[in-house]
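What follows is the content of data.cif, which has mmCIF, C-alpha atoms and all ligand atoms:
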data_start
#
loop_
_atom_site.group_PDB
_atom_site.id
_atom_site.type_symbol
_atom_site.label_atom_id
_atom_site.label_comp_id
_atom_site.auth_asym_id
_atom_site.auth_seq_id
_atom_site.Cartn_x
_atom_site.Cartn_y
_atom_site.Cartn_z
ATOM 1 C CA MET A 137 73.001 84.897 174.017
ATOM 2 C CA GLU A 138 76.188 86.996 174.306
ATOM 3 C CA LEU A 139 76.506 86.912 170.552
ATOM 4 C CA PHE A 140 73.002 88.348 170.161
ATOM 5 C CA GLN A 141 73.727 90.946 172.854
ATOM 6 C CA GLY A 142 76.862 91.941 170.906
ATOM 7 C CA ILE A 143 74.848 92.337 167.707
ATOM 8 C CA PHE A 144 72.188 94.389 169.504
ATOM 9 C CA ASP A 145 74.906 96.552 171.133
ATOM 10 C CA SER A 146 76.469 97.233 167.735
ATOM 11 C CA LEU A 147 73.041 98.229 166.424
ATOM 12 C CA GLY A 148 72.594 100.596 169.366
ATOM 13 C CA ILE A 149 69.871 98.528 171.017
ATOM 14 C CA THR A 150 70.667 98.517 174.672
ATOM 15 C CA GLU A 151 67.837 96.493 176.039
ATOM 16 C CA PHE A 152 67.570 92.957 174.769
ATOM 17 C CA VAL A 153 64.155 91.487 175.348
ATOM 18 C CA LYS A 154 64.166 87.736 175.290
ATOM 19 C CA PRO A 155 61.402 86.644 172.952
ATOM 20 C CA SER A 156 58.878 84.364 174.515
ATOM 21 C CA ILE A 157 56.904 81.998 172.341
ATOM 22 C CA GLY A 158 53.828 80.452 173.836
ATOM 23 C CA ILE A 159 51.475 77.776 172.593
ATOM 24 C CA THR A 160 49.072 80.457 171.261
ATOM 25 C CA ASP A 161 51.888 81.934 169.122
ATOM 26 C CA VAL A 162 52.578 78.513 167.613
ATOM 27 C CA LEU A 163 48.848 78.084 166.990
ATOM 28 C CA ASP A 164 48.697 81.561 165.471
ATOM 29 C CA ILE A 165 51.578 80.792 163.083
ATOM 30 C CA LEU A 166 50.072 77.430 162.115
ATOM 31 C CA ILE A 167 46.666 78.983 161.337
ATOM 32 C CA VAL A 168 48.216 81.787 159.249
ATOM 33 C CA ALA A 169 50.428 79.256 157.404
ATOM 34 C CA TYR A 170 47.376 77.085 156.703
ATOM 35 C CA ILE A 171 45.343 80.059 155.414
ATOM 36 C CA ILE A 172 48.207 81.167 153.136
ATOM 37 C CA TYR A 173 48.584 77.584 151.878
ATOM 38 C CA LYS A 174 44.839 77.413 151.130
ATOM 39 C CA ILE A 175 44.884 80.778 149.331
ATOM 40 C CA ILE A 176 47.832 79.683 147.148
ATOM 41 C CA PHE A 177 46.082 76.381 146.459
ATOM 42 C CA TRP A 178 42.881 78.258 145.536
ATOM 43 C CA ILE A 179 44.813 80.640 143.274
ATOM 44 C CA LYS A 180 46.416 77.685 141.464
ATOM 45 C CA GLU A 181 43.021 76.024 140.972
ATOM 46 C CA THR A 182 41.349 79.047 139.403
ATOM 47 C CA ARG A 183 41.881 81.584 136.658
ATOM 48 C CA ALA A 184 43.575 83.666 139.367
ATOM 49 C CA TRP A 185 46.856 81.784 138.743
ATOM 50 C CA ALA A 186 47.524 83.592 135.440
ATOM 51 C CA LEU A 187 46.585 86.858 137.099
ATOM 52 C CA PHE A 188 48.835 86.125 140.075
ATOM 53 C CA LYS A 189 51.781 85.689 137.696
ATOM 54 C CA GLY A 190 50.814 88.990 136.034
ATOM 55 C CA ILE A 191 50.848 90.728 139.428
ATOM 56 C CA LEU A 192 54.319 89.312 140.144
ATOM 57 C CA VAL A 193 55.533 90.808 136.842
ATOM 58 C CA ILE A 194 54.081 94.198 137.840
ATOM 59 C CA PHE A 195 55.831 93.967 141.231
ATOM 60 C CA ALA A 196 59.102 93.148 139.456
ATOM 61 C CA LEU A 197 58.558 96.158 137.182
ATOM 62 C CA ALA A 198 57.862 98.372 140.190
ATOM 63 C CA ALA A 199 61.067 97.150 141.870
ATOM 64 C CA VAL A 200 63.111 97.892 138.748
ATOM 65 C CA ALA A 201 61.422 101.301 138.392
ATOM 66 C CA SER A 202 62.167 102.075 142.020
ATOM 67 C CA ILE A 203 65.848 101.051 141.734
ATOM 68 C CA LEU A 204 66.313 103.053 138.522
ATOM 69 C CA LYS A 205 64.202 105.893 139.947
ATOM 70 C CA LEU A 206 61.801 105.898 136.985
ATOM 71 C CA ASN A 207 59.404 108.352 138.605
ATOM 72 C CA THR A 208 56.721 108.433 135.912
ATOM 73 C CA ILE A 209 56.288 104.637 135.986
ATOM 74 C CA LEU A 210 56.238 104.676 139.795
ATOM 75 C CA TRP A 211 53.614 107.443 139.762
ATOM 76 C CA ILE A 212 51.397 105.504 137.324
ATOM 77 C CA LEU A 213 51.740 102.291 139.358
ATOM 78 C CA SER A 214 50.958 103.962 142.679
ATOM 79 C CA ASN A 215 47.919 105.760 141.218
ATOM 80 C CA THR A 216 46.421 102.719 139.532
ATOM 81 C CA ILE A 217 46.774 100.291 142.428
ATOM 82 C CA SER A 218 43.461 101.235 144.128
ATOM 83 C CA VAL A 219 41.578 100.985 140.814
ATOM 84 C CA GLY A 220 43.354 97.682 140.194
ATOM 85 C CA ILE A 221 42.128 96.198 143.486
ATOM 86 C CA ILE A 222 38.508 97.135 142.653
ATOM 87 C CA ALA A 223 38.952 95.677 139.140
ATOM 88 C CA LEU A 224 40.267 92.433 140.692
ATOM 89 C CA LEU A 225 37.197 92.151 142.915
ATOM 90 C CA ILE A 226 34.914 92.583 139.891
ATOM 91 C CA VAL A 227 36.804 90.211 137.577
ATOM 92 C CA PHE A 228 37.113 87.468 140.207
ATOM 93 C CA GLN A 229 33.663 87.880 141.728
ATOM 94 C CA PRO A 230 32.549 84.345 140.618
ATOM 95 C CA GLU A 231 35.680 82.703 142.054
ATOM 96 C CA MET A 232 35.456 84.628 145.327
ATOM 97 C CA ARG A 233 31.803 83.833 145.638
ATOM 98 C CA LYS A 234 32.540 80.141 145.055
ATOM 99 C CA ALA A 235 35.327 80.200 147.662
ATOM 100 C CA LEU A 236 33.061 81.860 150.246
ATOM 101 C CA GLU A 237 30.209 79.472 149.486
ATOM 102 C CA GLN A 238 32.555 76.525 149.932
ATOM 103 C CA LEU A 239 33.729 77.998 153.215
ATOM 104 C CA GLY A 240 30.167 78.406 154.469
ATOM 105 C CA LYS A 241 28.904 75.128 153.045
ATOM 106 C CA GLY A 242 32.195 73.363 153.663
ATOM 107 C CA LYS A 243 32.978 70.022 155.211
ATOM 108 C CA PHE A 244 32.090 71.109 158.729
ATOM 109 C CA PHE A 245 28.625 72.418 157.945
ATOM 110 C CA SER A 246 27.837 69.783 155.347
ATOM 111 C CA TYR A 247 27.979 67.228 158.147
ATOM 112 C CA PHE A 248 25.143 68.969 159.931
ATOM 113 C CA THR A 249 23.136 69.926 156.856
ATOM 114 C CA ARG A 250 23.441 66.677 154.923
ATOM 115 C CA SER A 251 19.961 65.435 154.127
ATOM 116 C CA ASP A 252 18.964 61.793 154.376
ATOM 117 C CA ASP A 253 18.474 61.652 150.636
ATOM 118 C CA ALA A 254 21.970 62.939 149.940
ATOM 119 C CA GLY A 255 23.436 60.387 152.303
ATOM 120 C CA ASP A 256 21.467 57.622 150.680
ATOM 121 C CA GLU A 257 24.107 55.822 148.727
ATOM 122 C CA LYS A 258 21.688 53.540 146.918
ATOM 123 C CA ALA A 259 19.612 56.462 145.665
ATOM 124 C CA ALA A 260 22.787 58.242 144.499
ATOM 125 C CA ALA A 261 23.973 55.152 142.602
ATOM 126 C CA ARG A 262 20.527 54.810 141.021
ATOM 127 C CA THR A 263 20.599 58.470 139.992
ATOM 128 C CA VAL A 264 23.985 57.973 138.331
ATOM 129 C CA ASP A 265 22.698 54.873 136.517
ATOM 130 C CA GLU A 266 19.646 56.732 135.225
ATOM 131 C CA ILE A 267 21.709 59.710 134.034
ATOM 132 C CA VAL A 268 24.224 57.426 132.304
ATOM 133 C CA LYS A 269 21.413 55.477 130.645
ATOM 134 C CA ALA A 270 19.705 58.680 129.481
ATOM 135 C CA ALA A 271 22.985 60.188 128.207
ATOM 136 C CA GLY A 272 23.774 57.012 126.247
ATOM 137 C CA LYS A 273 20.318 56.909 124.656
ATOM 138 C CA MET A 274 20.256 60.636 123.870
ATOM 139 C CA GLY A 275 23.776 60.442 122.423
ATOM 140 C CA ALA A 276 22.730 57.571 120.144
ATOM 141 C CA VAL A 277 19.920 59.638 118.593
ATOM 142 C CA LYS A 278 21.747 62.990 118.852
ATOM 143 C CA THR A 279 19.419 64.677 121.287
ATOM 144 C CA GLY A 280 21.216 67.596 122.944
ATOM 145 C CA ALA A 281 21.223 67.658 126.750
ATOM 146 C CA LEU A 282 22.719 69.647 129.618
ATOM 147 C CA ILE A 283 22.503 68.230 133.160
ATOM 148 C CA LEU A 284 23.991 69.623 136.378
ATOM 149 C CA MET A 285 24.500 67.440 139.425
ATOM 150 C CA GLU A 286 24.704 69.704 142.454
ATOM 151 C CA GLN A 287 27.457 69.013 144.980
ATOM 152 C CA GLU A 288 28.444 71.209 147.944
ATOM 153 C CA VAL A 289 27.887 74.582 146.264
ATOM 154 C CA PRO A 290 24.159 75.316 146.069
ATOM 155 C CA LEU A 291 22.790 75.993 142.599
ATOM 156 C CA GLY A 292 19.748 77.971 143.785
ATOM 157 C CA ASP A 293 20.617 81.031 141.673
ATOM 158 C CA LEU A 294 20.772 78.945 138.488
ATOM 159 C CA GLU A 295 17.700 76.941 139.465
ATOM 160 C CA ARG A 296 15.624 80.096 139.802
ATOM 161 C CA THR A 297 16.159 80.827 136.095
ATOM 162 C CA GLY A 298 14.287 77.642 135.177
ATOM 163 C CA ILE A 299 11.020 75.821 135.777
ATOM 164 C CA PRO A 300 10.672 73.787 139.010
ATOM 165 C CA ILE A 301 10.134 70.034 138.521
ATOM 166 C CA ASP A 302 10.917 68.187 141.798
ATOM 167 C CA ALA A 303 10.704 64.604 140.552
ATOM 168 C CA ILE A 304 12.674 61.389 141.038
ATOM 169 C CA VAL A 305 15.460 61.034 138.453
ATOM 170 C CA SER A 306 14.693 58.512 135.737
ATOM 171 C CA SER A 307 16.193 58.066 132.285
ATOM 172 C CA GLN A 308 12.713 58.319 130.749
ATOM 173 C CA LEU A 309 12.063 61.670 132.430
ATOM 174 C CA LEU A 310 15.420 63.085 131.313
ATOM 175 C CA ILE A 311 14.936 61.881 127.744
ATOM 176 C CA ASN A 312 11.457 63.366 127.744
ATOM 177 C CA ILE A 313 12.683 66.721 129.035
ATOM 178 C CA PHE A 314 15.332 67.044 126.315
ATOM 179 C CA GLU A 315 13.077 65.836 123.491
ATOM 180 C CA HIS A 316 13.166 68.357 120.620
ATOM 181 C CA ASN A 317 10.315 70.802 120.299
ATOM 182 C CA THR A 318 8.954 70.235 123.791
ATOM 183 C CA PRO A 319 8.513 73.116 126.252
ATOM 184 C CA LEU A 320 11.273 71.981 128.642
ATOM 185 C CA HIS A 321 14.002 70.945 126.214
ATOM 186 C CA ASP A 322 15.892 74.251 126.087
ATOM 187 C CA GLY A 323 18.484 75.017 128.771
ATOM 188 C CA ALA A 324 19.777 72.855 131.599
ATOM 189 C CA VAL A 325 18.360 70.398 134.128
ATOM 190 C CA ILE A 326 19.528 70.650 137.739
ATOM 191 C CA ILE A 327 19.683 67.529 139.892
ATOM 192 C CA ARG A 328 19.785 67.881 143.656
ATOM 193 C CA HIS A 329 19.542 65.138 146.281
ATOM 194 C CA ASN A 330 18.687 62.581 143.607
ATOM 195 C CA ARG A 331 15.734 64.587 142.335
ATOM 196 C CA VAL A 332 15.259 66.641 139.200
ATOM 197 C CA ALA A 333 14.960 70.062 140.811
ATOM 198 C CA ALA A 334 14.384 72.199 137.692
ATOM 199 C CA ALA A 335 14.608 72.319 133.900
ATOM 200 C CA THR A 336 15.222 75.066 131.290
ATOM 201 C CA CYS A 337 17.805 76.684 133.582
ATOM 202 C CA PHE A 338 20.068 79.311 132.114
ATOM 203 C CA LEU A 339 23.772 78.888 132.874
ATOM 204 C CA PRO A 340 26.590 81.435 132.743
ATOM 205 C CA LEU A 341 28.825 81.052 129.681
ATOM 206 C CA THR A 342 32.544 80.687 130.232
ATOM 207 C CA ASP A 343 34.643 83.553 128.936
ATOM 208 C CA SER A 344 37.748 81.367 128.725
ATOM 209 C CA ASN A 345 39.539 81.734 125.413
ATOM 210 C CA GLU A 346 41.011 78.248 125.762
ATOM 211 C CA VAL A 347 37.710 76.595 124.771
ATOM 212 C CA SER A 348 37.846 74.937 121.368
ATOM 213 C CA MET A 349 36.222 77.007 118.607
ATOM 214 C CA GLU A 350 34.212 73.989 117.456
ATOM 215 C CA LEU A 351 32.214 74.032 120.700
ATOM 216 C CA GLY A 352 29.035 76.094 120.842
ATOM 217 C CA THR A 353 27.063 77.700 123.634
ATOM 218 C CA ARG A 354 25.815 74.464 125.226
ATOM 219 C CA HIS A 355 29.385 73.406 125.968
ATOM 220 C CA ARG A 356 30.436 76.942 126.946
ATOM 221 C CA ALA A 357 27.493 77.055 129.364
ATOM 222 C CA ALA A 358 28.571 73.695 130.842
ATOM 223 C CA ILE A 359 32.118 74.946 131.426
ATOM 224 C CA GLY A 360 30.809 78.275 132.763
ATOM 225 C CA ALA A 361 28.564 76.541 135.311
ATOM 226 C CA SER A 362 31.431 74.291 136.412
ATOM 227 C CA GLU A 363 33.618 77.360 136.988
ATOM 228 C CA VAL A 364 31.185 78.970 139.407
ATOM 229 C CA SER A 365 30.255 75.758 141.242
ATOM 230 C CA ASP A 366 31.557 72.290 142.024
ATOM 231 C CA ALA A 367 28.736 70.626 140.064
ATOM 232 C CA TYR A 368 29.275 67.792 137.621
ATOM 233 C CA VAL A 369 27.892 69.118 134.329
ATOM 234 C CA ILE A 370 26.987 66.497 131.749
ATOM 235 C CA VAL A 371 26.606 67.544 128.116
ATOM 236 C CA VAL A 372 25.290 65.524 125.222
ATOM 237 C CA SER A 373 26.038 67.149 121.894
ATOM 238 C CA GLU A 374 23.148 67.569 119.512
ATOM 239 C CA GLU A 375 25.585 67.794 116.627
ATOM 240 C CA THR A 376 27.734 64.731 117.295
ATOM 241 C CA GLY A 377 25.934 62.779 120.019
ATOM 242 C CA LYS A 378 29.162 62.813 122.058
ATOM 243 C CA ILE A 379 29.038 62.912 125.839
ATOM 244 C CA SER A 380 31.216 65.308 127.839
ATOM 245 C CA VAL A 381 31.504 66.313 131.484
ATOM 246 C CA ALA A 382 32.580 69.722 132.744
ATOM 247 C CA ARG A 383 34.034 69.933 136.214
ATOM 248 C CA GLY A 384 36.060 72.722 137.812
ATOM 249 C CA GLY A 385 36.235 74.616 134.519
ATOM 250 C CA VAL A 386 37.649 71.609 132.615
ATOM 251 C CA LEU A 387 35.704 69.825 129.874
ATOM 252 C CA TYR A 388 36.308 66.061 129.628
ATOM 253 C CA ARG A 389 35.212 65.296 126.079
ATOM 254 C CA ASP A 390 34.024 62.316 124.137
ATOM 255 C CA LEU A 391 33.358 59.970 127.061
ATOM 256 C CA THR A 392 31.931 56.479 126.784
ATOM 257 C CA THR A 393 28.984 55.623 129.038
ATOM 258 C CA GLU A 394 31.370 53.511 131.158
ATOM 259 C CA GLN A 395 33.707 56.472 131.594
ATOM 260 C CA LEU A 396 30.752 58.702 132.424
ATOM 261 C CA LYS A 397 29.584 56.235 135.059
ATOM 262 C CA THR A 398 33.065 55.992 136.604
ATOM 263 C CA MET A 399 33.334 59.748 136.706
ATOM 264 C CA LEU A 400 29.914 60.358 138.241
ATOM 265 C CA SER A 401 30.396 57.534 140.737
ATOM 266 C CA GLN A 402 33.419 59.384 142.137
ATOM 267 C CA GLN A 403 31.080 61.905 143.725
ATOM 268 C CA ASN A 404 29.455 59.116 145.725
ATOM 269 C CA GLN A 405 32.837 57.939 146.919
ATOM 270 C CA THR A 406 33.863 61.453 147.928
ATOM 271 C CA GLY A 407 30.646 61.762 149.881
ATOM 272 C CA ARG A 408 31.239 58.379 151.512
ATOM 273 C CA LYS A 409 34.802 59.308 152.481
ATOM 274 C CA LYS A 410 33.586 62.490 154.170
ATOM 275 C CA TRP A 411 30.942 60.520 155.968
ATOM 276 C CA MET A 412 33.586 58.068 157.203
ATOM 277 C CA ILE A 413 35.845 60.837 158.479
ATOM 278 C CA TRP A 414 33.109 62.612 160.376
ATOM 279 C CA LYS A 415 31.354 59.522 161.666
ATOM 280 C CA GLY A 416 34.598 57.715 162.397
ATOM 281 C CA ARG A 417 33.282 54.470 160.964
ATOM 282 C CA PRO A 418 33.126 52.960 157.493
ATOM 283 C CA GLU A 419 29.895 53.301 155.517
ATOM 284 C CA LYS A 420 28.169 50.065 154.651
HETATM 285 N N1 LIG B 501 23.588 79.671 128.682
HETATM 286 C C1 LIG B 501 22.913 78.551 128.472
HETATM 287 N N2 LIG B 501 22.330 77.927 129.501
HETATM 288 C C2 LIG B 501 21.657 76.782 129.311
HETATM 289 N N3 LIG B 501 21.547 76.170 128.124
HETATM 290 C C3 LIG B 501 22.104 76.741 127.061
HETATM 291 C C4 LIG B 501 22.828 77.956 127.180
HETATM 292 N N4 LIG B 501 23.301 78.289 125.955
HETATM 293 C C5 LIG B 501 22.874 77.334 125.116
HETATM 294 N N5 LIG B 501 22.158 76.401 125.776
HETATM 295 C C6 LIG B 501 21.540 75.212 125.190
HETATM 296 O O1 LIG B 501 22.322 74.814 124.079
HETATM 297 C C7 LIG B 501 21.540 74.862 122.885
HETATM 298 C C8 LIG B 501 22.359 75.426 121.755
HETATM 299 O O2 LIG B 501 23.491 74.713 121.623
HETATM 300 P P1 LIG B 501 24.618 75.069 120.545
HETATM 301 O O3 LIG B 501 24.324 74.326 119.292
HETATM 302 O O4 LIG B 501 24.845 76.529 120.466
HETATM 303 O O5 LIG B 501 25.828 74.496 121.368
HETATM 304 P P2 LIG B 501 26.906 73.371 121.076
HETATM 305 O O6 LIG B 501 27.888 73.463 122.204
HETATM 306 O O7 LIG B 501 27.395 73.448 119.655
HETATM 307 O O8 LIG B 501 26.094 72.031 121.297
HETATM 308 P P3 LIG B 501 25.674 70.908 120.284
HETATM 309 O O9 LIG B 501 26.910 70.106 120.002
HETATM 310 O O10 LIG B 501 24.635 70.181 121.053
HETATM 311 O O11 LIG B 501 25.125 71.602 119.037
HETATM 312 C C9 LIG B 501 20.372 75.769 123.205
HETATM 313 O O12 LIG B 501 19.254 75.401 122.447
HETATM 314 C C10 LIG B 501 20.161 75.562 124.674
HETATM 315 O O13 LIG B 501 19.314 74.447 124.903
#

Could you render the structure as structure tokens?
Ligand SMILES: Nc1ncnc2c1ncn2[C@@H]1O[C@H](COP(=O)(O)OP(=O)(O)OP(=O)(O)O)[C@@H](O)[C@H]1O
Amino acid sequence: MELFQGIFDSLGITEFVKPSIGITDVLDILIVAYIIYKIIFWIKETRAWALFKGILVIFALAAVASILKLNTILWILSNTISVGIIALLIVFQPEMRKALEQLGKGKFFSYFTRSDDAGDEKAAARTVDEIVKAAGKMGAVKTGALILMEQEVPLGDLERTGIPIDAIVSSQLLINIFEHNTPLHDGAVIIRHNRVAAATCFLPLTDSNEVSMELGTRHRAAIGASEVSDAYVIVVSEETGKISVARGGVLYRDLTTEQLKTMLSQQNQTGRKKWMIWKGRPEK
């Protein structure tokens, strides 16, 4: 303590106030640390990571400009920062919207809002089987298809661009929907709570320049939809018959039906795990 007092004396601070840390301060620090951790994690998961690195470069530039007293650069930086913040909000509107939706529809609320159908493991497994069967059959005859399986993030906005169906998922229904030259074949099908909610839905196209040039708008729409939601997006290529899945902005290409089934079954397991945590007992 004397050491600190000596330091404070040398700095001209006469009164040394002993800091007091209570349980609320510890809680406060833990919450802030958790929020910062989540934000960094979110940045790394989205397109914001590249932008974040860009911002760091600008900060480094500003520091150098400030040390070297490069007034013109400093003036430009200080006058563009407010415009830059608005531009960030516009560019990352889909990511921010997704983050807020996940917050609102997150684990806590999903426990209370989970419908019986969604919790029905058998129905979910049957849905996966029907989708896999349909994808395999459509791939074999090169019928193009685009199917979204809704997860936590609601797809209401995308659903409203299509035609409501509200029917139990079956491979026959899916094959029929995507049959060439039929009224419902264009666009995407949305599956919610093991039911076909809508068809002919229009999805946002990704603007990522990392997407292979050989992929057309169906695949770009699949990636785009997976960027703005946590849906599993299944694509069957009309050109090659190959099956792909887009998830979190990543396209997993050229999957076998077994791989597709394994991938789609993961969502059931995630749901089951959540159920176990909240209920405190294993699901049968
Ligand atoms: N934004 C969109 N939302 C929903 N569906 C779309 C969208 N864009 C294209 N599609 C669907 O994709 C079809 C066109 O696919 P296109 O040939 O351009 O893509 P592709 O990725 O090369 O797929 P494929 O390998 O099946 O040819 C359209 O007829 C339509 O059904």

**Item:** Within 10 Å of ligand LIG 501 (chain B) (only C-alpha atoms and all ligand atoms), residues as a PyMOL selection string
**Value:** chain A and resi 275+278-283+294+297-298+314+316+320-325+335-342+349-358+360-361+371-379

With C-alpha atoms retained, write the just-selected residues as an mmCIF file, in the frame of the given file.
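So part30.cif came out as:
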data_model
loop_
_atom_site.group_PDB
_atom_site.id
_atom_site.type_symbol
_atom_site.label_atom_id
_atom_site.label_comp_id
_atom_site.auth_asym_id
_atom_site.auth_seq_id
_atom_site.Cartn_x
_atom_site.Cartn_y
_atom_site.Cartn_z
ATOM 1 C CA GLY A 275 23.776 60.442 122.423
ATOM 2 C CA LYS A 278 21.747 62.990 118.852
ATOM 3 C CA THR A 279 19.419 64.677 121.287
ATOM 4 C CA GLY A 280 21.216 67.596 122.944
ATOM 5 C CA ALA A 281 21.223 67.658 126.750
ATOM 6 C CA LEU A 282 22.719 69.647 129.618
ATOM 7 C CA ILE A 283 22.503 68.230 133.160
ATOM 8 C CA LEU A 294 20.772 78.945 138.488
ATOM 9 C CA THR A 297 16.159 80.827 136.095
ATOM 10 C CA GLY A 298 14.287 77.642 135.177
ATOM 11 C CA PHE A 314 15.332 67.044 126.315
ATOM 12 C CA HIS A 316 13.166 68.357 120.620
ATOM 13 C CA LEU A 320 11.273 71.981 128.642
ATOM 14 C CA HIS A 321 14.002 70.945 126.214
ATOM 15 C CA ASP A 322 15.892 74.251 126.087
ATOM 16 C CA GLY A 323 18.484 75.017 128.771
ATOM 17 C CA ALA A 324 19.777 72.855 131.599
ATOM 18 C CA VAL A 325 18.360 70.398 134.128
ATOM 19 C CA ALA A 335 14.608 72.319 133.900
ATOM 20 C CA THR A 336 15.222 75.066 131.290
ATOM 21 C CA CYS A 337 17.805 76.684 133.582
ATOM 22 C CA PHE A 338 20.068 79.311 132.114
ATOM 23 C CA LEU A 339 23.772 78.888 132.874
ATOM 24 C CA PRO A 340 26.590 81.435 132.743
ATOM 25 C CA LEU A 341 28.825 81.052 129.681
ATOM 26 C CA THR A 342 32.544 80.687 130.232
ATOM 27 C CA MET A 349 36.222 77.007 118.607
ATOM 28 C CA GLU A 350 34.212 73.989 117.456
ATOM 29 C CA LEU A 351 32.214 74.032 120.700
ATOM 30 C CA GLY A 352 29.035 76.094 120.842
ATOM 31 C CA THR A 353 27.063 77.700 123.634
ATOM 32 C CA ARG A 354 25.815 74.464 125.226
ATOM 33 C CA HIS A 355 29.385 73.406 125.968
ATOM 34 C CA ARG A 356 30.436 76.942 126.946
ATOM 35 C CA ALA A 357 27.493 77.055 129.364
ATOM 36 C CA ALA A 358 28.571 73.695 130.842
ATOM 37 C CA GLY A 360 30.809 78.275 132.763
ATOM 38 C CA ALA A 361 28.564 76.541 135.311
ATOM 39 C CA VAL A 371 26.606 67.544 128.116
ATOM 40 C CA VAL A 372 25.290 65.524 125.222
ATOM 41 C CA SER A 373 26.038 67.149 121.894
ATOM 42 C CA GLU A 374 23.148 67.569 119.512
ATOM 43 C CA GLU A 375 25.585 67.794 116.627
ATOM 44 C CA THR A 376 27.734 64.731 117.295
ATOM 45 C CA GLY A 377 25.934 62.779 120.019
ATOM 46 C CA LYS A 378 29.162 62.813 122.058
ATOM 47 C CA ILE A 379 29.038 62.912 125.839
#

**Message:** When you look at Ala303 of chain A with a cut-off of 8 Å (counting only C-alpha atoms), what residues show up, excluding the ones that are within fewer than 5 positions of it in the same chain? I need them as a PyMOL selection string.
**Reply:** chain A and resi 331-333

Taking every listed atom of segment 327-334 of chain A and adding 3 Å to each side, what centre and edge lengths in Å (one decimal) does the axis-aligned box have, as AutoDock Vina command-line options?
--center_x 17.1 --center_y 67.4 --center_z 142.0 --size_x 11.4 --size_y 15.6 --size_z 14.6

**Atom pair atom CA of Gln308 of chain A / atom CA of Leu387 of chain A: separation (Å)** =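 Computed distance, atom CA of Gln308 of chain A to atom CA of Leu387 of chain A, equals 25.7 Å.
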
Which residues come within 9 Å of Asp265 of chain A, counting all atoms listed in the file, excluding same-chain residues fewer than 4 positions away, as a tab-separated table (two decimals) with C-alpha atoms, keeping the file's coordinate frame?
chain	number	residue	atom	x	y	z
A	260	ALA	CA	22.79	58.24	144.50
A	261	ALA	CA	23.97	55.15	142.60
A	269	LYS	CA	21.41	55.48	130.65
A	270	ALA	CA	19.70	58.68	129.48
A	306	SER	CA	14.69	58.51	135.74
A	307	SER	CA	16.19	58.07	132.28
A	397	LYS	CA	29.58	56.24	135.06

**Asked** Which value, in Å to one decimal, gives the distance between atom CA of Ile359 of chain A and atom CA of Thr392 of chain A?
**Response**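 The value is 19.0 Å.
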
**Request:** Rank nothing, just name the residue among A:Val227, A:Leu213, A:Leu163, A:Pro290 nearest to Ala201 of chain A, using all atoms listed in the file.
**Result:**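 Under the stated criterion, the closest residue is A:Leu213.
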
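Distance-wise, atom CA of Ile191 of chain A and atom CA of Lys205 of chain A end up 20.2 Å apart.
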
**Message:** When you count all atoms listed in the file, which of these residues is closest to Gln287 of chain A: A:Leu400, A:Ile203, A:Ala271, A:Ala196?
**Reply:** A:Leu400

**Request:** Excluding Leu396 of chain A and residues on its chain fewer than 6 positions from it, collect all residues at most 10 Å away from it, counting all atoms listed in the file, and give them as a VMD selection string.
**Result:** chain A and resid 264 to 265 267 to 268 271 to 272 370 379 to 381 388 390

Limited to C-alpha atoms, could you put the picked residues into a file as a PDB file, keeping the file's coordinate frame?
ATOM      1  CA  VAL A 264      23.985  57.973 138.331  1.00  0.00           C
ATOM      2  CA  ASP A 265      22.698  54.873 136.517  1.00  0.00           C
ATOM      3  CA  ILE A 267      21.709  59.710 134.034  1.00  0.00           C
ATOM      4  CA  VAL A 268      24.224  57.426 132.304  1.00  0.00           C
ATOM      5  CA  ALA A 271      22.985  60.188 128.207  1.00  0.00           C
ATOM      6  CA  GLY A 272      23.774  57.012 126.247  1.00  0.00           C
ATOM      7  CA  ILE A 370      26.987  66.497 131.749  1.00  0.00           C
ATOM      8  CA  ILE A 379      29.038  62.912 125.839  1.00  0.00           C
ATOM      9  CA  SER A 380      31.216  65.308 127.839  1.00  0.00           C
ATOM     10  CA  VAL A 381      31.504  66.313 131.484  1.00  0.00           C
ATOM     11  CA  TYR A 388      36.308  66.061 129.628  1.00  0.00           C
ATOM     12  CA  ASP A 390      34.024  62.316 124.137  1.00  0.00           C
TER      13      ASP A 390
END

**From A:Gly292, A:Gly384, A:Pro319, A:Gly158, residue lying nearest Ser362 of chain A [all atoms listed in the file]** = A:Gly384
